[in-house]
Amino acid sequence: MPLTRAEASLLSRRTGMSVEEFTWKNNGILTLLNNEETRACVFLLTSSSDVNAEGMCSVYEVRPKGCQIYPKVLNENDEAILDEGCPHKAMFPEPTEEDSIVLLNLEERLMQEG
Ligand code: SF4
């Protein structure tokens, strides 16, 4: 999941971890690291690498904007869609035009920082 520098700073302050401990640069974009064993986000409390396994976000209150809006993501036409890879996508309403704008603004901010 990509995140802004401000979001990374907030997570660093809340967790006591350095930004380098939970992020990497994906084509220049700051991105949350995955746990090597569970292959899920380092902040997901889970004991399994099964994509359907139970899990809880340990930083829910301060999770990045991309996490808040997920599983809404942009397709190649810059339209918000539900991520095909999300096993719970049937639980979410279809994305709206407003979702597309929120995601496009987030993408622009991330590209500016990259
Ligand atoms: S919601 Fe929490 S666990 Fe999931 S990707 Fe975001 S920070 Fe990680």
# chains A, B, ... in the order shown; residues from 1 in each chain; ligands from 1
call {"tool": "residues_near_ligand", "arguments": {"ligand": "ligand 1", "cutoff": "12 Å", "atoms": "only C-alpha atoms and all ligand atoms", "output": "MDAnalysis selection string"}}
result
chainID A and resid 1:3 7:8 10:12 15 22:23 31:35 38:46 54:71 86
call {"tool": "select_by_dssp", "arguments": {"residues": "region 41-100 of chain A", "states": "alpha helix (DSSP H)", "output": "list in words"}}
result
Lys65, Gly66, Cys67, Gln68, Ile69, Glu97, Glu98, Asp99 and Ser100 of chain A
call {"tool": "write_last_selection", "arguments": {"atoms": "N, CA and C atoms", "output": "PDB file, in the first residue's frame"}}
result
ATOM      1  N   LYS A  65      -4.496   6.826   3.934  1.00  0.00           N
ATOM      2  CA  LYS A  65      -5.710   7.078   3.149  1.00  0.00           C
ATOM      3  C   LYS A  65      -5.993   5.929   2.179  1.00  0.00           C
ATOM      4  N   GLY A  66      -4.952   5.390   1.557  1.00  0.00           N
ATOM      5  CA  GLY A  66      -5.141   4.279   0.613  1.00  0.00           C
ATOM      6  C   GLY A  66      -5.771   3.073   1.285  1.00  0.00           C
ATOM      7  N   CYS A  67      -5.426   2.845   2.554  1.00  0.00           N
ATOM      8  CA  CYS A  67      -6.019   1.738   3.316  1.00  0.00           C
ATOM      9  C   CYS A  67      -7.476   2.050   3.631  1.00  0.00           C
ATOM     10  N   GLN A  68      -7.754   3.331   3.934  1.00  0.00           N
ATOM     11  CA  GLN A  68      -9.121   3.717   4.298  1.00  0.00           C
ATOM     12  C   GLN A  68     -10.071   3.516   3.130  1.00  0.00           C
ATOM     13  N   ILE A  69      -9.591   3.745   1.929  1.00  0.00           N
ATOM     14  CA  ILE A  69     -10.484   3.678   0.763  1.00  0.00           C
ATOM     15  C   ILE A  69     -10.477   2.286   0.114  1.00  0.00           C
ATOM     16  N   GLU A  97     -18.111   8.196  -8.653  1.00  0.00           N
ATOM     17  CA  GLU A  97     -17.239   9.186  -9.289  1.00  0.00           C
ATOM     18  C   GLU A  97     -16.393   9.912  -8.238  1.00  0.00           C
ATOM     19  N   GLU A  98     -17.003  10.173  -7.081  1.00  0.00           N
ATOM     20  CA  GLU A  98     -16.287  10.832  -5.986  1.00  0.00           C
ATOM     21  C   GLU A  98     -15.086   9.981  -5.544  1.00  0.00           C
ATOM     22  N   ASP A  99     -15.258   8.669  -5.516  1.00  0.00           N
ATOM     23  CA  ASP A  99     -14.144   7.782  -5.166  1.00  0.00           C
ATOM     24  C   ASP A  99     -13.001   7.926  -6.170  1.00  0.00           C
ATOM     25  N   SER A 100     -13.360   8.028  -7.444  1.00  0.00           N
ATOM     26  CA  SER A 100     -12.331   8.190  -8.484  1.00  0.00           C
ATOM     27  C   SER A 100     -11.533   9.459  -8.219  1.00  0.00           C
TER      28      SER A 100
END
call {"tool": "atom_distance", "arguments": {"atom1": "CA of Val51 (chain A)", "atom2": "CA of Gly16 (chain A)"}}
result
27.5 Å
call {"tool": "closest_residue", "arguments": {"among": "A:Asn26, A:Lys89, A:Thr4, A:Glu37", "to": "Glu108 (chain A)", "atoms": "only C-alpha atoms"}}
result
A:Thr4
call {"tool": "select_by_dssp", "arguments": {"residues": "region 19-113 of chain A", "states": "strand (DSSP E)", "output": "list of chain:residue names"}}
result
A:Thr23, A:Trp24, A:Lys25, A:Asn26, A:Ile29, A:Leu30, A:Thr31, A:Leu32, A:Leu44, A:Leu45, A:Met56, A:Cys57, A:Lys72, A:Val73, A:Leu74, A:Ala80, A:Ile81, A:Leu82
call {"tool": "atom_distance", "arguments": {"atom1": "CA of Ala80 (chain A)", "atom2": "CA of Ile101 (chain A)"}}
result
8.4 Å
call {"tool": "atom_distance", "arguments": {"atom1": "CA of Trp24 (chain A)", "atom2": "CA of Arg5 (chain A)"}}
result
11.8 Å
call {"tool": "residues_around", "arguments": {"residues": "Met111 (chain A)", "least_positions_apart": "4", "cutoff": "9 Å", "atoms": "only C-alpha atoms", "output": "ChimeraX atom specification"}}
result
/A:28-29,106-107
